[in-house]
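Chemist: Contents of coords-v2.tsv (TSV, C-alpha atoms) are given next:
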chain	number	residue	atom	x	y	z
A	23	MET	CA	20.68	14.77	-24.09
A	24	ASN	CA	19.75	11.15	-23.43
A	25	ASN	CA	17.02	10.09	-21.03
A	26	ARG	CA	19.43	9.63	-18.15
A	27	GLN	CA	20.72	13.20	-18.51
A	28	LEU	CA	17.18	14.53	-18.82
A	29	PHE	CA	16.23	12.62	-15.65
A	30	PHE	CA	18.96	14.24	-13.56
A	31	ASN	CA	18.68	17.71	-15.14
A	32	PHE	CA	14.91	18.25	-15.22
A	33	MET	CA	13.22	15.81	-12.83
A	34	GLY	CA	12.71	16.74	-9.19
A	35	GLN	CA	14.73	14.25	-7.17
A	36	THR	CA	13.64	12.46	-4.00
A	37	SER	CA	17.15	11.56	-2.83
A	38	GLU	CA	20.78	12.30	-3.64
A	39	ALA	CA	21.29	8.77	-4.93
A	40	PRO	CA	18.25	7.44	-6.85
A	41	LEU	CA	18.47	3.95	-8.34
A	42	ALA	CA	18.26	5.54	-11.82
A	43	ILE	CA	17.61	2.22	-13.56
A	44	GLU	CA	16.32	3.02	-17.03
A	45	ILE	CA	13.38	0.87	-18.07
A	46	GLU	CA	12.09	0.79	-21.63
A	47	ARG	CA	9.21	-1.66	-21.22
A	48	ALA	CA	7.72	-4.09	-18.72
A	49	GLU	CA	5.61	-7.21	-18.97
A	50	GLY	CA	4.43	-9.67	-16.36
A	51	VAL	CA	7.06	-9.91	-13.61
A	52	TYR	CA	9.89	-8.54	-15.75
A	53	MET	CA	11.20	-5.10	-16.67
A	54	TYR	CA	13.57	-4.47	-19.58
A	55	GLY	CA	16.26	-1.83	-20.04
A	56	PRO	CA	17.03	-0.12	-23.36
A	57	ASP	CA	19.98	-2.49	-23.78
A	58	GLY	CA	17.63	-5.47	-23.47
A	59	LYS	CA	18.73	-6.38	-19.92
A	60	ARG	CA	15.94	-8.15	-18.08
A	61	TYR	CA	15.09	-7.44	-14.44
A	62	LEU	CA	12.90	-9.61	-12.24
A	63	ASP	CA	10.66	-7.22	-10.31
A	64	LEU	CA	10.57	-8.26	-6.65
A	65	ILE	CA	8.89	-5.08	-5.38
A	66	SER	CA	6.00	-4.37	-7.84
A	67	GLY	CA	6.62	-0.62	-7.82
A	68	ILE	CA	6.13	-0.85	-4.02
A	69	SER	CA	3.14	-3.22	-3.96
A	70	VAL	CA	1.41	-1.66	-6.96
A	71	SER	CA	1.64	-4.14	-9.85
A	72	ASN	CA	-0.20	-6.99	-8.15
A	73	VAL	CA	-1.28	-8.57	-11.46
A	74	GLY	CA	2.06	-7.81	-13.10
A	75	HIS	CA	3.06	-5.22	-15.64
A	76	CYS	CA	0.80	-4.54	-18.63
A	77	HIS	CA	-1.64	-7.35	-17.93
A	78	PRO	CA	-3.61	-7.80	-21.18
A	79	GLN	CA	-7.02	-7.46	-19.48
A	80	VAL	CA	-5.99	-4.23	-17.77
A	81	VAL	CA	-4.49	-2.83	-20.97
A	82	LYS	CA	-7.66	-3.70	-22.89
A	83	ALA	CA	-9.84	-2.01	-20.26
A	84	VAL	CA	-7.69	1.13	-20.39
A	85	GLN	CA	-7.79	1.29	-24.19
A	86	LYS	CA	-11.54	0.76	-24.33
A	87	GLN	CA	-12.28	3.44	-21.72
A	88	ALA	CA	-9.80	5.94	-23.23
A	89	GLU	CA	-11.69	5.66	-26.51
A	90	THR	CA	-15.02	6.28	-24.73
A	91	TYR	CA	-14.24	9.19	-22.42
A	92	MET	CA	-11.59	10.16	-19.89
A	93	HIS	CA	-12.45	13.17	-17.69
A	94	LEU	CA	-15.99	14.53	-17.54
A	95	MET	CA	-16.57	16.30	-14.23
A	96	VAL	CA	-15.24	16.45	-10.67
A	97	TYR	CA	-15.76	13.36	-8.54
A	98	GLY	CA	-19.29	12.69	-7.38
A	99	GLU	CA	-21.26	14.89	-9.81
A	100	PHE	CA	-21.84	12.67	-12.85
A	101	VAL	CA	-22.89	9.02	-12.97
A	102	GLN	CA	-19.95	7.26	-14.61
A	103	SER	CA	-20.07	3.53	-15.24
A	104	PRO	CA	-16.36	2.82	-14.49
A	105	GLN	CA	-16.73	4.41	-11.05
A	106	VAL	CA	-20.02	2.85	-10.03
A	107	GLU	CA	-19.10	-0.61	-11.31
A	108	LEU	CA	-15.78	-0.50	-9.45
A	109	ALA	CA	-17.48	0.70	-6.24
A	110	HIS	CA	-20.01	-2.12	-6.49
A	111	LEU	CA	-17.24	-4.69	-7.08
A	112	ILE	CA	-15.18	-3.50	-4.10
A	113	THR	CA	-18.11	-3.45	-1.69
A	114	SER	CA	-19.28	-6.89	-2.87
A	115	TYR	CA	-16.14	-8.38	-1.32
A	116	LEU	CA	-16.13	-6.37	1.90
A	117	PRO	CA	-18.12	-6.71	5.14
A	118	GLU	CA	-21.71	-5.54	4.76
A	119	HIS	CA	-21.25	-2.26	6.61
A	120	LEU	CA	-18.47	-1.12	4.27
A	121	ASP	CA	-20.86	-0.20	1.50
A	122	ASN	CA	-19.79	3.29	0.38
A	123	VAL	CA	-16.63	4.14	-1.59
A	124	TYR	CA	-15.07	7.54	-2.12
A	125	PHE	CA	-12.46	7.52	-4.91
A	126	VAL	CA	-9.33	9.66	-4.86
A	127	ASN	CA	-5.99	9.68	-6.69
A	128	SER	CA	-3.55	8.11	-4.24
A	129	GLY	CA	-2.96	6.54	-0.85
A	130	SER	CA	-2.06	9.86	0.72
A	131	GLU	CA	-5.37	11.31	-0.48
A	132	ALA	CA	-7.25	8.31	0.87
A	133	ILE	CA	-5.71	8.94	4.30
A	134	GLU	CA	-6.52	12.66	4.12
A	135	GLY	CA	-10.15	11.90	3.25
A	136	ALA	CA	-10.48	9.22	5.91
A	137	MET	CA	-9.17	11.52	8.65
A	138	LYS	CA	-11.52	14.34	7.59
A	139	LEU	CA	-14.43	11.89	7.51
A	140	ALA	CA	-13.67	10.64	11.03
A	141	LYS	CA	-13.45	14.17	12.42
A	142	ARG	CA	-16.65	15.21	10.69
A	143	TYR	CA	-18.63	12.15	11.81
A	144	THR	CA	-17.48	12.07	15.43
A	145	GLY	CA	-17.19	15.81	16.02
A	146	ARG	CA	-13.85	15.11	17.69
A	147	SER	CA	-10.33	16.23	16.77
A	148	GLU	CA	-7.77	13.87	18.33
A	149	ILE	CA	-6.14	11.28	16.08
A	150	VAL	CA	-4.20	8.27	17.36
A	151	ALA	CA	-1.50	6.75	15.16
A	152	PHE	CA	1.49	4.47	15.69
A	153	ASN	CA	5.26	4.73	15.76
A	154	ASN	CA	6.98	3.69	12.52
A	155	ALA	CA	3.73	4.11	10.59
A	156	TYR	CA	3.79	5.38	7.01
A	157	HIS	CA	0.57	6.81	5.58
A	158	GLY	CA	1.85	9.19	2.89
A	159	SER	CA	3.72	12.47	2.43
A	160	THR	CA	1.11	15.23	2.20
A	161	GLN	CA	0.77	17.56	5.19
A	162	GLY	CA	-2.06	15.63	6.83
A	163	SER	CA	-0.72	12.15	6.18
A	164	LEU	CA	2.75	13.33	7.18
A	165	SER	CA	1.25	14.41	10.51
A	166	VAL	CA	0.35	10.79	11.30
A	167	MET	CA	3.67	9.38	10.11
A	168	GLY	CA	5.36	7.66	13.03
A	169	ASP	CA	8.91	8.89	12.40
A	170	GLU	CA	10.15	12.23	13.72
A	171	GLN	CA	13.16	12.54	11.42
A	172	MET	CA	10.96	12.48	8.31
A	173	LYS	CA	8.64	15.18	9.75
A	174	ASN	CA	10.78	17.74	11.54
A	175	ALA	CA	11.72	19.78	8.47
A	176	PHE	CA	8.05	20.36	7.62
A	177	ARG	CA	6.55	21.51	10.89
A	178	PRO	CA	4.11	22.80	12.01
A	179	LEU	CA	1.86	19.87	11.18
A	180	LEU	CA	-1.62	18.85	12.37
A	181	PRO	CA	-2.12	19.28	16.14
A	182	GLY	CA	-3.82	16.70	18.31
A	183	VAL	CA	-2.03	13.59	17.06
A	184	ARG	CA	-1.05	11.02	19.68
A	185	PHE	CA	1.42	8.21	18.87
A	186	LEU	CA	1.41	4.76	20.46
A	187	GLU	CA	3.70	1.78	20.00
A	188	TYR	CA	2.41	-0.73	17.49
A	189	ASN	CA	1.72	-4.10	19.17
A	190	ASN	CA	1.80	-2.54	22.65
A	191	ARG	CA	-1.58	-3.56	24.07
A	192	LYS	CA	-1.06	-1.67	27.34
A	193	GLN	CA	-0.84	1.69	25.55
A	194	LEU	CA	-4.27	1.22	23.96
A	195	SER	CA	-5.78	2.61	27.17
A	196	GLN	CA	-4.64	6.06	25.96
A	197	ILE	CA	-7.46	6.05	23.40
A	198	SER	CA	-10.10	8.31	24.91
A	199	ARG	CA	-13.53	9.86	24.32
A	200	GLN	CA	-11.73	12.79	22.68
A	201	THR	CA	-10.30	10.45	20.02
A	202	ALA	CA	-11.93	10.85	16.62
A	203	CYS	CA	-10.12	7.91	15.06
A	204	VAL	CA	-7.30	5.45	15.39
A	205	LEU	CA	-5.29	5.07	12.21
A	206	VAL	CA	-3.42	1.77	11.90
A	207	GLU	CA	-1.75	-0.22	9.14
A	208	THR	CA	-3.09	-3.75	9.29
A	209	ILE	CA	0.50	-4.83	8.65
A	210	GLN	CA	3.05	-2.06	9.03
A	211	GLY	CA	4.73	-1.56	5.65
A	212	GLU	CA	7.71	0.79	5.94
A	213	ALA	CA	8.48	-0.48	9.43
A	214	GLY	CA	9.61	-3.64	7.65
A	215	ALA	CA	6.46	-5.74	7.14
A	216	VAL	CA	5.60	-5.91	10.86
A	217	ALA	CA	2.51	-8.02	11.50
A	218	PRO	CA	0.28	-7.50	14.55
A	219	CYS	CA	0.71	-9.70	17.59
A	220	PRO	CA	-2.17	-12.05	18.51
A	221	HIS	CA	-5.21	-10.13	19.81
A	222	PHE	CA	-3.65	-6.67	19.28
A	223	LEU	CA	-6.07	-5.60	16.57
A	224	VAL	CA	-9.01	-7.28	18.32
A	225	GLU	CA	-8.33	-5.30	21.50
A	226	LEU	CA	-7.80	-2.15	19.46
A	227	GLN	CA	-11.20	-2.55	17.82
A	228	GLN	CA	-12.90	-3.23	21.16
A	229	ILE	CA	-11.44	-0.10	22.76
A	230	CYS	CA	-12.41	2.01	19.73
A	231	LYS	CA	-16.00	0.82	20.09
A	232	GLU	CA	-16.01	1.49	23.83
A	233	LYS	CA	-14.69	5.04	23.36
A	234	GLY	CA	-16.71	5.88	20.24
A	235	ALA	CA	-13.61	6.34	18.09
A	236	LEU	CA	-13.56	5.17	14.47
A	237	LEU	CA	-11.02	2.51	13.48
A	238	ILE	CA	-9.30	3.39	10.21
A	239	MET	CA	-7.31	0.51	8.76
A	240	ASP	CA	-4.71	1.41	6.15
A	241	GLU	CA	-4.39	-1.37	3.59
A	242	ILE	CA	-2.74	0.78	0.94
A	243	GLN	CA	0.16	-1.69	0.80
A	244	ALA	CA	-1.42	-4.75	2.40
A	245	GLY	CA	-4.72	-4.89	0.49
A	246	CYS	CA	-5.82	-6.45	-2.80
A	247	GLY	CA	-4.48	-9.93	-2.12
A	248	ARG	CA	-0.90	-9.16	-1.14
A	249	THR	CA	-0.85	-10.82	2.30
A	250	GLY	CA	-2.53	-14.14	1.49
A	251	LYS	CA	-6.09	-12.84	1.93
A	252	LEU	CA	-8.00	-10.44	-0.30
A	253	TRP	CA	-7.96	-7.95	2.60
A	254	ALA	CA	-5.29	-8.22	5.28
A	255	PHE	CA	-7.76	-7.60	8.12
A	256	GLU	CA	-9.34	-10.99	7.31
A	257	HIS	CA	-6.35	-12.64	9.00
A	258	TYR	CA	-7.16	-11.09	12.36
A	259	GLY	CA	-10.90	-11.27	13.00
A	260	VAL	CA	-11.47	-7.52	12.87
A	261	THR	CA	-13.25	-5.10	10.54
A	262	PRO	CA	-12.53	-1.38	10.19
A	263	ASP	CA	-14.98	1.48	10.31
A	264	ILE	CA	-13.04	3.08	7.46
A	265	LEU	CA	-10.74	1.23	5.06
A	266	THR	CA	-8.13	2.95	2.88
A	267	LEU	CA	-6.90	1.45	-0.39
A	268	ALA	CA	-4.57	2.49	-3.21
A	269	LYS	CA	-1.33	1.04	-4.70
A	270	GLY	CA	-2.38	-2.48	-5.75
A	271	LEU	CA	-5.93	-1.34	-6.53
A	272	GLY	CA	-5.24	0.35	-9.85
A	273	GLY	CA	-3.43	-2.28	-11.88
A	274	GLY	CA	-0.63	0.23	-12.46
A	275	LEU	CA	-2.71	3.41	-12.76
A	276	PRO	CA	-3.15	5.97	-9.96
A	277	ILE	CA	-6.28	5.52	-7.88
A	278	GLY	CA	-7.09	5.38	-4.18
A	279	ALA	CA	-10.21	5.02	-2.09
A	280	PHE	CA	-11.59	5.27	1.39
A	281	VAL	CA	-14.52	3.00	2.23
A	282	ALA	CA	-17.06	3.33	5.05
A	283	SER	CA	-20.74	2.82	5.80
A	284	ARG	CA	-23.27	5.00	4.03
A	285	GLU	CA	-24.20	6.58	7.36
A	286	ILE	CA	-20.63	7.68	8.04
A	287	MET	CA	-19.88	8.71	4.45
A	288	GLN	CA	-23.01	10.89	4.23
A	289	SER	CA	-21.53	13.25	6.81
A	290	LEU	CA	-19.34	14.73	4.04
A	291	THR	CA	-22.42	15.91	2.12
A	292	HIS	CA	-23.54	18.72	4.44
A	293	ASN	CA	-22.29	21.30	6.95
A	294	PRO	CA	-20.43	22.04	4.73
A	295	VAL	CA	-21.58	20.74	1.38
A	296	LEU	CA	-18.64	19.28	-0.57
A	297	GLY	CA	-16.95	18.25	2.67
A	298	HIS	CA	-14.37	16.49	0.53
A	299	ILE	CA	-13.86	17.03	-3.18
A	300	SER	CA	-11.44	15.73	-5.82
A	301	THR	CA	-11.17	16.79	-9.46
A	302	PHE	CA	-9.60	13.60	-10.78
A	303	GLY	CA	-10.62	11.11	-8.07
A	304	GLY	CA	-12.00	7.98	-9.68
A	305	ASN	CA	-10.80	9.04	-13.13
A	306	ALA	CA	-12.69	6.91	-15.66
A	307	VAL	CA	-9.60	5.31	-17.20
A	308	CYS	CA	-8.07	4.59	-13.79
A	309	ALA	CA	-11.37	3.16	-12.51
A	310	ALA	CA	-11.66	0.90	-15.57
A	311	ALA	CA	-8.11	-0.34	-14.99
A	312	ALA	CA	-8.83	-0.92	-11.29
A	313	LYS	CA	-11.98	-2.90	-12.05
A	314	ALA	CA	-10.13	-5.17	-14.51
A	315	ASN	CA	-7.27	-5.53	-12.04
A	316	LEU	CA	-9.55	-6.49	-9.14
A	317	GLU	CA	-11.50	-8.92	-11.32
A	318	ILE	CA	-8.24	-10.72	-12.18
A	319	ILE	CA	-7.20	-10.91	-8.52
A	320	ILE	CA	-10.61	-12.27	-7.49
A	321	SER	CA	-11.19	-14.69	-10.38
A	322	GLN	CA	-7.71	-16.20	-10.03
A	323	GLN	CA	-7.71	-15.91	-6.22
A	324	LEU	CA	-4.17	-14.56	-6.40
A	325	TRP	CA	-4.05	-14.19	-2.63
A	326	GLN	CA	-3.76	-17.98	-2.47
A	327	ASN	CA	-0.63	-17.79	-4.63
A	328	ALA	CA	0.77	-15.21	-2.22
A	329	ALA	CA	0.13	-17.48	0.78
A	330	ARG	CA	1.62	-20.52	-0.96
A	331	LEU	CA	4.76	-18.71	-2.14
A	332	GLU	CA	5.38	-17.23	1.30
A	333	LYS	CA	6.05	-20.76	2.50
A	334	VAL	CA	8.45	-21.38	-0.38
A	335	ILE	CA	10.38	-18.19	0.38
A	336	ARG	CA	10.65	-19.02	4.08
A	337	GLU	CA	11.91	-22.51	3.23
A	338	GLN	CA	14.45	-21.32	0.67
A	339	LEU	CA	15.87	-18.21	2.31
A	340	LYS	CA	17.79	-19.80	5.13
A	341	HIS	CA	21.21	-18.30	5.73
A	342	PRO	CA	23.28	-17.38	8.81
A	343	LYS	CA	23.29	-13.73	7.72
A	344	ILE	CA	19.48	-13.57	7.62
A	345	LYS	CA	18.23	-12.69	11.10
A	346	SER	CA	14.52	-13.11	10.39
A	347	ILE	CA	11.80	-13.04	7.73
A	348	ARG	CA	8.87	-10.81	8.66
A	349	GLY	CA	5.46	-10.23	7.17
A	350	LYS	CA	2.70	-12.20	5.46
A	351	GLY	CA	2.05	-13.52	1.97
A	352	LEU	CA	4.12	-11.62	-0.57
A	353	MET	CA	4.65	-8.65	1.74
A	354	LEU	CA	7.91	-9.77	3.32
A	355	ALA	CA	11.02	-8.24	4.87
A	356	ILE	CA	14.36	-10.08	5.00
A	357	GLU	CA	16.23	-8.78	8.03
A	358	PHE	CA	20.01	-8.32	8.05
A	359	GLU	CA	22.35	-7.05	10.74
A	360	SER	CA	22.73	-3.56	9.26
A	361	PHE	CA	21.77	-1.25	6.41
A	362	GLU	CA	25.31	-1.59	5.05
A	363	GLN	CA	24.89	-5.36	4.69
A	364	ASN	CA	21.45	-4.96	3.16
A	365	LYS	CA	22.61	-2.31	0.68
A	366	ARG	CA	25.47	-4.51	-0.53
A	367	VAL	CA	22.99	-7.31	-1.20
A	368	ILE	CA	20.51	-4.98	-2.94
A	369	ASP	CA	23.20	-3.49	-5.21
A	370	GLN	CA	24.52	-6.91	-6.19
A	371	LEU	CA	21.01	-8.22	-6.86
A	372	ILE	CA	20.30	-5.32	-9.22
A	373	GLN	CA	23.49	-6.14	-11.09
A	374	GLN	CA	22.26	-9.72	-11.29
A	375	GLY	CA	18.94	-8.55	-12.76
A	376	ILE	CA	16.75	-8.67	-9.62
A	377	VAL	CA	15.18	-5.42	-8.42
A	378	THR	CA	14.48	-5.03	-4.72
A	379	ASP	CA	15.01	-2.29	-2.14
A	380	TRP	CA	14.89	-1.44	1.57
A	381	PHE	CA	12.20	-0.09	3.88
A	382	LEU	CA	11.93	3.54	4.93
A	383	PHE	CA	11.92	2.84	8.69
A	384	ALA	CA	13.75	-0.50	8.51
A	385	PRO	CA	16.75	0.14	6.24
A	386	HIS	CA	18.37	-3.12	7.37
A	387	CYS	CA	15.53	-5.12	5.80
A	388	LEU	CA	15.23	-6.21	2.16
A	389	ARG	CA	11.79	-5.94	0.55
A	390	ILE	CA	10.16	-8.91	-1.21
A	391	ALA	CA	6.81	-7.92	-2.72
A	392	PRO	CA	6.67	-9.24	-6.29
A	393	PRO	CA	3.59	-9.30	-8.52
A	394	LEU	CA	1.11	-11.85	-7.21
A	395	ILE	CA	1.23	-13.67	-10.56
A	396	ILE	CA	4.85	-14.72	-9.99
A	397	THR	CA	5.42	-18.48	-10.36
A	398	GLU	CA	7.09	-20.87	-7.98
A	399	ALA	CA	9.89	-21.41	-10.51
A	400	GLN	CA	10.56	-17.66	-10.63
A	401	ILE	CA	10.50	-17.43	-6.83
A	402	LEU	CA	12.95	-20.34	-6.56
A	403	GLU	CA	15.26	-18.66	-9.06
A	404	ALA	CA	15.12	-15.41	-7.11
A	405	CYS	CA	15.77	-17.13	-3.76
A	406	HIS	CA	18.72	-19.05	-5.22
A	407	THR	CA	20.24	-15.80	-6.50
A	408	ILE	CA	19.64	-14.01	-3.18
A	409	VAL	CA	21.46	-16.74	-1.24
A	410	GLU	CA	24.32	-16.69	-3.76
A	411	VAL	CA	24.63	-12.92	-3.48
A	412	ILE	CA	24.62	-13.05	0.34
A	413	ASP	CA	27.43	-15.61	0.22
A	414	LYS	CA	29.52	-13.45	-2.12
A	415	SER	CA	28.83	-9.97	-0.76
A	416	LEU	CA	28.66	-10.67	2.98
Could you write out this structure as structure tokens?
Modeler:
Amino acid sequence: MNNRQLFFNFMGQTSEAPLAIEIERAEGVYMYGPDGKRYLDLISGISVSNVGHCHPQVVKAVQKQAETYMHLMVYGEFVQSPQVELAHLITSYLPEHLDNVYFVNSGSEAIEGAMKLAKRYTGRSEIVAFNNAYHGSTQGSLSVMGDEQMKNAFRPLLPGVRFLEYNNRKQLSQISRQTACVLVETIQGEAGAVAPCPHFLVELQQICKEKGALLIMDEIQAGCGRTGKLWAFEHYGVTPDILTLAKGLGGGLPIGAFVASREIMQSLTHNPVLGHISTFGGNAVCAAAAKANLEIIISQQLWQNAARLEKVIREQLKHPKIKSIRGKGLMLAIEFESFEQNKRVIDQLIQQGIVTDWFLFAPHCLRIAPPLIITEAQILEACHTIVEVIDKSL
């Protein structure tokens, strides 16, 4: 059997109609099929490949670490240079109080750890989340997903979760002294790159402080330079009590993290001991890749490229069929009238060698989230093709 047959026969499927594009290799902003067809990657594996595919510095870091050691012991027991150097690098570019990092394997795990940490530190149980939020697919992170259709088949889930409308400042009064934490995406990803209204996050932070609830900001998609700042919360004059990271952190390898103050993080060390534990969290090879990846983003200030190219995209993608362009930096959603229109455009773009997709809770929106190393010439080429495809397919 060929790879395509093996894929459908032996791989667990996530939908009845996967894209099933076969990729043989990838480099920079391009992916290549076994027939040599080249695809421009406009989604970065869903905001993962921020420095592009197989960046030489990341590859070198992976090779060097793999030759040294890979797994030694469960997270937090041994002193491992890839972990401690990465933690030091991350905290060096965060507000002073965010000085402790706990490494995990994914964004979902980061959310799970952050929620446990908030409950443990505050002694409270209620969690506040937002409609149309996506924080992962494990039982805990699914419990704070703001979409009922995606959750109903898997109930019962965590009790004590209250949902508010994102950007609805009046509903923030529902946060109470029983609330352990408020979990919010700085920019909502799967809702279709929905940015916060002016003062929404500022008021949210103020109310959290008044009520003694911890503010958890999910930057699993929005972090690591994607929105035109190194961290998306820098746009809005707020700082979280706990920050969650993953996706674009690892340079293409699986790693996540939740970050808090030492005072808060220490609450996982006792009553009970090992309040959170992960066998492979902060895997040495993944941590080495993440450190190289973050060093590239910081040294080249790739967030500035994201901010600059956002303006180019907004200037170029003007068409009667486009209702709006949402988001910040290179975390953008192109809004159409319907999913059917959007799907026709996506399918035609893939045929034309441009890979994009739709959003889980905004299926009428087309995702633009390319590697942050993409050039203006490549963005212009992509925008030209998108407009052409809209003309032909709609």
Chemist: For Gly168 of chain A, which of A:Ile43, A:Ile112, A:Ala213, A:Leu194 is the closest residue, counting all atoms listed in the file?
Modeler: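 Of all the options, A:Ala213 lies closest to Gly168 of chain A.
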Chemist: Tell me which of A:Asn315, A:Thr201, A:Thr144, A:Asn174 sits closest to Gln79 of chain A, counting all atoms listed in the file.
Modeler: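 Counting all atoms listed in the file, the residue closest to Gln79 of chain A is A:Asn315.
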Chemist: Please compute the atom CA of Asp121 of chain A-atom CA of His298 of chain A distance, one decimal, in Å.
Modeler: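 Between atom CA of Asp121 of chain A and atom CA of His298 of chain A the gap works out to 17.9 Å.
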Chemist: Check the smallest atom-to-atom distance from each of A:Gly158, A:Gly297, A:Pro181, A:Gly245 to Gly98 of chain A using all atoms listed in the file, then report the winner.
Modeler: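 With all atoms listed in the file as the atom set, the closest residue is A:Gly297.
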Chemist: Counting only C-alpha atoms, which residue out of A:Gly135, A:Gly349, A:Gly259, A:Gly247 sits closest to Phe280 of chain A?
Modeler: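 Residue with the minimum atom-to-atom distance to Phe280 of chain A: A:Gly135.
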Chemist: With distances taken over all atoms listed in the file, which residue among A:Ile390, A:Ala268, A:Cys405, A:Ala88 lies nearest Val334 of chain A?
Modeler: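 Distance minimum relative to Val334 of chain A lands on A:Cys405.
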Chemist: Could you tell me which of A:Tyr156, A:Phe255, A:Trp325, A:Phe100 comes closest to Phe381 of chain A if we count all atoms listed in the file?
Modeler: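 Comparing A:Tyr156, A:Phe255, A:Trp325, A:Phe100 against Phe381 of chain A, the winner is A:Tyr156.
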Chemist: What does the distance from atom CA of Gln193 of chain A to atom CA of Asn154 of chain A come to in Å, to one decimal?
Modeler: 15.3 Å
Chemist: Given the point (-11.8, 3.0, 20.2) in the coordinates of this file, which residues lie within 9 Å, counting only C-alpha atoms, and how would they look as a VMD selection string?
Modeler: chain A and resid 194 197 to 199 201 to 204 226 to 237
Chemist: Can you report as JSON the centre and edge lengths in Å, to one decimal, of an axis-aligned box around the listed atoms of segment 27-43 of chain A padded with 4 Å on each side?
Modeler:
{"center_x": 17.0, "center_y": 10.2, "center_z": -10.8, "size_x": 16.6, "size_y": 24.0, "size_z": 24.0}
Chemist: Hey, what's within 10 Å of Gly274 of chain A if we count all atoms listed in the file and toss same-chain stuff fewer than 3 positions away? As a ChimeraX atom specification, please?
Modeler: /A:66-67,69-77,80-81,269-271,277,308,311-312,315
Chemist: What is the atom CA of Ile238 of chain A to atom CA of Arg389 of chain A distance in Å?
Modeler: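 Going from atom CA of Ile238 of chain A over to atom CA of Arg389 of chain A covers 25.0 Å.
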Chemist: Counting all atoms listed in the file, which residues have an atom no more than 8 Å from (14.4, -6.3, -13.0) in the file's coordinates? Please list them as a short mmCIF file (atom, residue, chain, number, x, y, z; two decimals) with C-alpha atoms, in the coordinates of the input.
Modeler:
data_model
loop_
_atom_site.label_atom_id
_atom_site.label_comp_id
_atom_site.auth_asym_id
_atom_site.auth_seq_id
_atom_site.Cartn_x
_atom_site.Cartn_y
_atom_site.Cartn_z
CA TYR A 52 9.89 -8.54 -15.75
CA MET A 53 11.20 -5.10 -16.67
CA TYR A 54 13.57 -4.47 -19.58
CA ARG A 60 15.94 -8.15 -18.08
CA TYR A 61 15.09 -7.44 -14.44
CA LEU A 62 12.90 -9.61 -12.24
CA ASP A 63 10.66 -7.22 -10.31
CA LEU A 64 10.57 -8.26 -6.65
CA ILE A 372 20.30 -5.32 -9.22
CA GLY A 375 18.94 -8.55 -12.76
CA ILE A 376 16.75 -8.67 -9.62
CA VAL A 377 15.18 -5.42 -8.42
#
